[in-house]
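Undergrad: My structure is below; once you've seen it, I'll send some questions.
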Amino acid sequence: MPNKLLRYYGAGYLHFITTSCYRRMPLLARPQHRDLLLEVLEGVRRRYRFVVVGYVVMPEHVHLLLSEPERGNPSKVMQAIKQGFARRLLRGLRVACDPPQEGLWTTALYDGHIWQARFYDFVVFTEKKRVEKLRYMHRNPVKRGLVLEPQQWPWSSYRHYANGERGVVLVNEERKAELKVWKVA
């Protein structure tokens, strides 16, 4: 693995991001965990001001198609999503559960491990690649055998594209124009 990971930011392209749970464990297998991740994603979207073009939350990984944020960069966005989700999930689990009585797969949770350290970032330069990445994301639950049709998986942006359904995460919400008033002396 290279010492210095190169990221290409600042050109205004979309970023197809994949991040995995620690050791690819199904830490997002529970619907309430996937719901929580979407709540965190929407909060980070508002705070960093970026456009979510598409997403899918799978049991052990997440795919996102994002614009570059107005604040920070995609690495900062991913840090905020991963930390925000981990803190909220771990806080809830530590209150609700007794670690010795849980299964072995939850050991990582109690040790504080939710995510793999890095994430994969593919810069999307063309409309053709944007469509390809959206199709890949939306078909992922079907390919994995979780559902028969993409619209049956509520933790993706498919329903937005199929019938304009608004979910927890705003999809393709363009940045609002801001009026700036300059005082002239």
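Quick note on naming: the chains in the structure tokens go A, B, ... in the order shown, residues restart at 1 in each chain, and ligands are numbered from 1 in order of appearance.
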Quick one: residues within 12 Å of segment 69-80 of chain A, only C-alpha atoms counted, chain neighbours fewer than 2 positions away excluded, as a VMD selection string?
TA: chain A and resid 5 to 20 37 40 to 52 62 to 67 82 to 88 115 to 123 174 to 176
Undergrad: Next, dump the selected residues to file, keeping only C-alpha atoms, as a PDB file, in the first residue's frame.
TA:
```pdb
ATOM      1  CA  LEU A   5      -2.639   8.213  -1.084  1.00  0.00           C
ATOM      2  CA  LEU A   6      -3.332  10.657  -3.920  1.00  0.00           C
ATOM      3  CA  ARG A   7      -6.768  12.242  -4.140  1.00  0.00           C
ATOM      4  CA  TYR A   8      -7.872  14.500  -6.983  1.00  0.00           C
ATOM      5  CA  TYR A   9      -9.977  17.358  -5.670  1.00  0.00           C
ATOM      6  CA  GLY A  10     -10.865  20.836  -6.837  1.00  0.00           C
ATOM      7  CA  ALA A  11     -11.873  20.279 -10.469  1.00  0.00           C
ATOM      8  CA  GLY A  12     -15.606  20.120  -9.687  1.00  0.00           C
ATOM      9  CA  TYR A  13     -16.096  16.514 -10.787  1.00  0.00           C
ATOM     10  CA  LEU A  14     -18.327  13.942  -9.125  1.00  0.00           C
ATOM     11  CA  HIS A  15     -16.782  11.340  -6.818  1.00  0.00           C
ATOM     12  CA  PHE A  16     -17.922   7.715  -6.692  1.00  0.00           C
ATOM     13  CA  ILE A  17     -16.955   6.679  -3.177  1.00  0.00           C
ATOM     14  CA  THR A  18     -17.010   3.227  -1.633  1.00  0.00           C
ATOM     15  CA  THR A  19     -16.349   2.657   2.041  1.00  0.00           C
ATOM     16  CA  SER A  20     -16.508  -0.656   3.864  1.00  0.00           C
ATOM     17  CA  LEU A  37     -26.359   6.167   8.413  1.00  0.00           C
ATOM     18  CA  VAL A  40     -25.933  11.169   9.347  1.00  0.00           C
ATOM     19  CA  LEU A  41     -25.333  11.477   5.581  1.00  0.00           C
ATOM     20  CA  GLU A  42     -28.094  14.076   5.265  1.00  0.00           C
ATOM     21  CA  GLY A  43     -26.730  16.083   8.200  1.00  0.00           C
ATOM     22  CA  VAL A  44     -23.237  16.071   6.704  1.00  0.00           C
ATOM     23  CA  ARG A  45     -24.660  16.978   3.275  1.00  0.00           C
ATOM     24  CA  ARG A  46     -26.261  20.078   4.765  1.00  0.00           C
ATOM     25  CA  ARG A  47     -23.213  21.030   6.835  1.00  0.00           C
ATOM     26  CA  TYR A  48     -20.625  20.653   4.048  1.00  0.00           C
ATOM     27  CA  ARG A  49     -22.979  21.688   1.238  1.00  0.00           C
ATOM     28  CA  PHE A  50     -22.560  19.088  -1.461  1.00  0.00           C
ATOM     29  CA  VAL A  51     -24.926  17.344  -3.868  1.00  0.00           C
ATOM     30  CA  VAL A  52     -25.757  13.679  -3.349  1.00  0.00           C
ATOM     31  CA  VAL A  62     -21.709   1.996   1.216  1.00  0.00           C
ATOM     32  CA  HIS A  63     -21.528   3.551  -2.266  1.00  0.00           C
ATOM     33  CA  LEU A  64     -21.943   7.304  -2.684  1.00  0.00           C
ATOM     34  CA  LEU A  65     -21.911   9.508  -5.772  1.00  0.00           C
ATOM     35  CA  LEU A  66     -21.213  13.051  -4.579  1.00  0.00           C
ATOM     36  CA  SER A  67     -20.258  16.449  -5.873  1.00  0.00           C
ATOM     37  CA  LYS A  82     -17.845   7.835   9.286  1.00  0.00           C
ATOM     38  CA  GLN A  83     -17.126   9.491  12.638  1.00  0.00           C
ATOM     39  CA  GLY A  84     -20.655  10.827  13.065  1.00  0.00           C
ATOM     40  CA  PHE A  85     -22.206   7.445  12.361  1.00  0.00           C
ATOM     41  CA  ALA A  86     -19.718   5.533  14.525  1.00  0.00           C
ATOM     42  CA  ARG A  87     -20.211   7.834  17.513  1.00  0.00           C
ATOM     43  CA  ARG A  88     -23.999   7.659  17.364  1.00  0.00           C
ATOM     44  CA  TRP A 115     -15.198   1.340   9.349  1.00  0.00           C
ATOM     45  CA  GLN A 116     -12.129   0.360   7.377  1.00  0.00           C
ATOM     46  CA  ALA A 117      -9.530   3.109   7.645  1.00  0.00           C
ATOM     47  CA  ARG A 118      -9.686   4.364   4.049  1.00  0.00           C
ATOM     48  CA  PHE A 119     -12.194   4.659   1.246  1.00  0.00           C
ATOM     49  CA  TYR A 120     -12.119   4.156  -2.515  1.00  0.00           C
ATOM     50  CA  ASP A 121     -12.662   7.295  -4.626  1.00  0.00           C
ATOM     51  CA  PHE A 122     -13.248   7.137  -8.371  1.00  0.00           C
ATOM     52  CA  VAL A 123     -13.437  10.543 -10.073  1.00  0.00           C
ATOM     53  CA  GLU A 174     -28.627  21.787  -6.339  1.00  0.00           C
ATOM     54  CA  ARG A 175     -26.937  24.441  -4.304  1.00  0.00           C
ATOM     55  CA  LYS A 176     -29.155  27.410  -3.518  1.00  0.00           C
TER      56      LYS A 176
END
```
Undergrad: Mind listing the alpha helix (DSSP H) residues of segment 132-166 of chain A, per DSSP on the backbone, as a ChimeraX atom specification?
TA: /A:132-143,158-163
Undergrad: Please provide the set of residues having any atom within 8 Å of Leu28 of chain A, restricted to only C-alpha atoms, with same-chain residues fewer than 6 positions apart removed, written as a list in words.
TA: Cys21, Arg34, Val57, Met58, Pro59, Glu60 and His61 of chain A
Undergrad: Filtering to N, CA and C atoms, could you give me those residues as a PDB file, in the first residue's frame?
TA:
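Result written to part11.pdb:
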```pdb
ATOM      1  N   CYS A  21     -17.326  -1.499   5.933  1.00  0.00           N
ATOM      2  CA  CYS A  21     -17.307  -1.729   7.371  1.00  0.00           C
ATOM      3  C   CYS A  21     -16.018  -2.471   7.744  1.00  0.00           C
ATOM      4  N   ARG A  34     -28.875   1.160   9.038  1.00  0.00           N
ATOM      5  CA  ARG A  34     -28.886   1.803   7.718  1.00  0.00           C
ATOM      6  C   ARG A  34     -29.646   3.134   7.786  1.00  0.00           C
ATOM      7  N   VAL A  57     -26.833   1.880   0.600  1.00  0.00           N
ATOM      8  CA  VAL A  57     -26.264   1.362   1.847  1.00  0.00           C
ATOM      9  C   VAL A  57     -26.495  -0.139   1.852  1.00  0.00           C
ATOM     10  N   MET A  58     -25.409  -0.879   1.832  1.00  0.00           N
ATOM     11  CA  MET A  58     -25.441  -2.340   1.836  1.00  0.00           C
ATOM     12  C   MET A  58     -25.083  -2.825   3.243  1.00  0.00           C
ATOM     13  N   PRO A  59     -25.248  -4.112   3.539  1.00  0.00           N
ATOM     14  CA  PRO A  59     -24.958  -4.600   4.898  1.00  0.00           C
ATOM     15  C   PRO A  59     -23.518  -4.392   5.372  1.00  0.00           C
ATOM     16  N   GLU A  60     -22.543  -4.385   4.439  1.00  0.00           N
ATOM     17  CA  GLU A  60     -21.152  -4.244   4.864  1.00  0.00           C
ATOM     18  C   GLU A  60     -20.375  -3.159   4.123  1.00  0.00           C
ATOM     19  N   HIS A  61     -21.047  -2.382   3.293  1.00  0.00           N
ATOM     20  CA  HIS A  61     -20.378  -1.274   2.611  1.00  0.00           C
ATOM     21  C   HIS A  61     -21.397  -0.247   2.122  1.00  0.00           C
TER      22      HIS A  61
END
```
Undergrad: Please report the interatomic distance between atom CA of Ala29 of chain A and atom CA of Glu173 of chain A in Å with one decimal.
TA: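 These two atoms are separated by 27.9 Å.
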Undergrad: Atom CA of Arg135 of chain A and atom CA of Gln152 of chain A are how many Å apart?
TA: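 Going from atom CA of Arg135 of chain A over to atom CA of Gln152 of chain A, I get 15.0 Å.
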Undergrad: Residues at most 10 Å from Gly54 of chain A, counting only C-alpha atoms, excluding those fewer than 4 positions away in the same chain, as number ranges by chain?
TA: A: 16, 63-66, 130, 133-135, 137-138, 156-158, 160-161, 169-172
Undergrad: Measuring atom to atom with only C-alpha atoms, identify which of A:Arg166, A:Leu38, A:Pro150, A:Arg91 is nearest to Tyr136 of chain A.
TA: A:Pro150
Undergrad: Do you have the atom CA of Ile114 of chain A-atom CA of Tyr22 of chain A distance handy?
TA: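 Value for the atom CA of Ile114 of chain A-atom CA of Tyr22 of chain A distance: 5.2 Å.
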Undergrad: Here is a test: counting only C-alpha atoms, which residue of A:Glu127, A:Glu165, A:Arg23, A:His113 is nearest to Leu89 of chain A?
TA: A:His113
Undergrad: Enumerate as a list of chain:residue names all residues of segment 11-173 of chain A assigned to strand (DSSP E) by DSSP on the backbone, naming them with the chain letters and numbers the document uses.
TA: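 So, restricting segment 11-173 of chain A to strand (DSSP E), we get A:Leu14, A:His15, A:Phe16, A:Ile17, A:Thr18, A:Thr19, A:Ser20, A:Val52, A:Val53, A:Gly54, A:Tyr55, A:Val56, A:Val57, A:His61, A:Val62, A:His63, A:Leu64, A:Leu65, A:Leu66, A:Tyr120, A:Asp121, A:Phe122, A:Val123, A:Val124.
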Undergrad: Could you turn the residues from that selection into a file that holds C-alpha atoms, as a short mmCIF file (atom, residue, chain, number, x, y, z; two decimals), in the first residue's frame?
TA:
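Written file, result37.cif:
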```cif
data_model
loop_
_atom_site.label_atom_id
_atom_site.label_comp_id
_atom_site.auth_asym_id
_atom_site.auth_seq_id
_atom_site.Cartn_x
_atom_site.Cartn_y
_atom_site.Cartn_z
CA LEU A 14 -18.33 13.94 -9.13
CA HIS A 15 -16.78 11.34 -6.82
CA PHE A 16 -17.92 7.71 -6.69
CA ILE A 17 -16.95 6.68 -3.18
CA THR A 18 -17.01 3.23 -1.63
CA THR A 19 -16.35 2.66 2.04
CA SER A 20 -16.51 -0.66 3.86
CA VAL A 52 -25.76 13.68 -3.35
CA VAL A 53 -26.26 12.31 -6.85
CA GLY A 54 -26.80 8.75 -5.66
CA TYR A 55 -26.25 6.30 -2.83
CA VAL A 56 -26.82 2.76 -1.64
CA VAL A 57 -26.26 1.36 1.85
CA HIS A 61 -20.38 -1.27 2.61
CA VAL A 62 -21.71 2.00 1.22
CA HIS A 63 -21.53 3.55 -2.27
CA LEU A 64 -21.94 7.30 -2.68
CA LEU A 65 -21.91 9.51 -5.77
CA LEU A 66 -21.21 13.05 -4.58
CA TYR A 120 -12.12 4.16 -2.52
CA ASP A 121 -12.66 7.29 -4.63
CA PHE A 122 -13.25 7.14 -8.37
CA VAL A 123 -13.44 10.54 -10.07
CA VAL A 124 -16.38 10.62 -12.50
#
```
